[in-house]
Amino acid sequence: MKRSVLASIALAGAGAGAGAAVARRFRAGAEAGAGALRWHVVTVLRAPEEVLVDGTPPQPLADLGDAVEVRVQPAPGDRGTELAVRMRPSAPPPRDGQDPRRVLRTALRESKQLLEAGSVLRVDPRPAGRRKATPTGALLDAVVRRAPGEGAL
Amino acid sequence: MRALCWNGVNDLRVETVPDPQILNDHDVILRIRLSTACGSDLHLVGGYVPFARSGDVLGHEFLGEVVEVGSAVRRHRVGDRVVVNSFIACGSCWYCTQQEYTLCDNSNPNPGITETTWGQSIGGCFGYTHATGGFAGSHAEYVRVPFADVGAFPVPEGLSDTAALFASDAAPTGWMGAELGGVRPGDVVAVWGAGGVGQMAARAAILLGAERVVVIDRLPERLGQARDRIGADVLDYTATDVVGELRELSGGRGPDVCIEAVGMEAHTPGLQHAYDKVKQQLFLQTDRPSAVREAVMACRKGGSVFVLGVFAALVDKFPLGAVMNKGLTLRGAQQHGQRWTPMLLERIAAGELPTEHLATHVMPLEQAPEGFRLFKEKEDGCVRAVFDPSR
Ligand SMILES: NC(=O)c1ccc[n+]([C@@H]2O[C@H](COP(=O)([O-])OP(=O)(O)OC[C@H]3O[C@@H](n4cnc5c(N)ncnc54)[C@H](O)[C@@H]3O)[C@@H](O)[C@H]2O)c1
Ligand SMILES: [Zn+2]
Ligand SMILES: [Zn+2]
């Protein structure tokens, strides 16, 4: 394992350092560049014809229109269907300046949830006490805001 | 409503917070009847599990009454008394169909955090930081339960709240350690930790036919419960050489199955503890693994070690050579409670699995910070502090 990765995982153990470490790795991911052009894949426990209905992918992916290419193939071992997506090289970057991969990950995860569980799981609004305005709190809030679109996918 | 909120390391307060609402069709809202502190809460309260935000409502082991149901809920009605598993599971992804519910693909709205830390994300959990979804917990008057048809189970009539409560988490966790650890009739089984989880693991091993079960701890009142209520042999690790004693108790072989129910804040007499604690405080390791190390050393050749105790990330001085050369099977998991809770409720009702004695301190929710202090310091014989919002 690379030292930087080790150090940031170790830091993730520190209550205070955890947000910073993950935020740093989210950022490092964003700077990795051409990654958006590779295929991002999830496996969905549904038949291929339920995943692409008359050639149309689930709504969150369909909403991305021509900017993306979508591919499906049966998964081995009765695991359903592999649903893959990537940005077309010709696609303009997302308007809000987001890392395109976050858009892809979010759309893939939501598509899988819709197909398997019937809806996208919500968590807000939720009961909570006073959220203290501290620098580490702000950092964690930022990490949580981005967490649905980040990760290894 | 009133709820126990995390305000920072070792700083818990009962605050007034907004009530939960139905957000998905498969949700129910429960009025909490009982919610217990769990050893996992202690790791979080102590700051060893990161990604808690001040204001988070804690609690993940609970029982309550259904007061509102979403339109897609089929198995529950208003008024039902149910016990709920700690992890939230969709019931329809591949992992759920394999009954590995805590690995659910669809129940953690923040998968980026654990994918970044561990390579893959696990399911969501009540009251257990934003890494497992940021869901509000059960140390409160009400809680929202997503996928209620999958994770909530009716409590048989005649079974008391305090007995059924532990079918949420401690009992299925212990059962998992014994069953997935591969306990078979005739086995010698050793369990590290005589808290709620360790005691449940020991009883599960007995029910699965183990010939001899040995529970290891240092707290006399807990060892007493393990002996008298559970029916296990006990060892005080401050008074004896645990590995040597286990070897003697197993005909020189070592236990067939070793179950670790201590977790990342394990205590050790002597120098190793100072080493682990300093390393942990400097964040050179995030966890103190002394009980796992001992389990690996004690285990017979070809035996299995099951890690029930919660660990966050990295440990130091791990005897990997013993794992490899002795041909051990090393396994761990968050508890897949949905798989065992109905069976465990039946066993509790039949008197096979005693649980009620774990609830040593039942108290009003308003006193939860004091309950946590007793539980953390293991004062006054506290095995579990249990909160009753109606008191
Ligand atoms: N895998 C899961 O799904 C799951 C579920 C619930 C709890 N847990 C974990 O299980 C562990 C136990 O939970 P609990 O509620 O019983 O906690 P607890 O704090 O009540 O019990 C832990 C016990 O371990 C003992 N101990 C400490 N160091 C020891 C050592 N070196 N050797 C032997 N015993 C030692 C303590 O004296 C204490 O009695 C925790 O780590 C908790 O996070 C895991
Ligand atoms: Zn627990
Ligand atoms: Zn699932």
# chains A, B, ... in the order shown; residues from 1 in each chain; ligands from 1
>>> residues_near_ligand(ligand="ligand 2", cutoff="6 Å", atoms="only C-alpha atoms and all ligand atoms", output="PyMOL selection string")
chain B and resi 38+40+169
>>> residues_near_ligand(ligand="ligand 3", cutoff="6 Å", atoms="only C-alpha atoms and all ligand atoms", output="PDB file with C-alpha atoms, in the first residue's frame")
ATOM      1  CA  ALA B  89     -31.224  -3.947   4.734  1.00  0.00           C
ATOM      2  CA  CYS B  90     -33.257  -3.669   1.532  1.00  0.00           C
ATOM      3  CA  GLY B  91     -34.069  -7.389   1.336  1.00  0.00           C
ATOM      4  CA  SER B  92     -33.738  -7.461  -2.446  1.00  0.00           C
ATOM      5  CA  CYS B  93     -30.085  -6.991  -3.457  1.00  0.00           C
ATOM      6  CA  TYR B  95     -26.247  -9.741  -0.522  1.00  0.00           C
ATOM      7  CA  CYS B  96     -29.659  -9.656   1.116  1.00  0.00           C
ATOM      8  CA  CYS B 104     -26.668  -4.681   1.763  1.00  0.00           C
ATOM      9  CA  ASP B 105     -25.893  -2.642  -1.353  1.00  0.00           C
ATOM     10  CA  ASN B 106     -28.858  -0.290  -1.048  1.00  0.00           C
TER      11      ASN B 106
END
>>> interface_residues(of="chain A", to="chain B", cutoff="8 Å", atoms="only C-alpha atoms", output="number ranges by chain")
A: 9-16, 18-19, 22, 25, 44-45, 79, 112-113, 116-117, 119, 121-132, 137, 140, 143-144, 146-153
>>> residues_around(residues="Glu157 of chain B", least_positions_apart="6", cutoff="12 Å", atoms="only C-alpha atoms", output="list in words")
Asp80, Arg81, Val82, Ala163, Ala164, Leu345, Glu346 and Ala349 of chain B
>>> closest_residue(among="B:Gly254, B:Gly151, B:Gly123, B:Gly337", to="ligand 1", atoms="only C-alpha atoms and all ligand atoms")
B:Gly337
>>> closest_residue(among="B:Asp276, B:Glu68, B:Glu294, B:Asp241", to="ligand 1", atoms="only C-alpha atoms and all ligand atoms")
B:Glu294
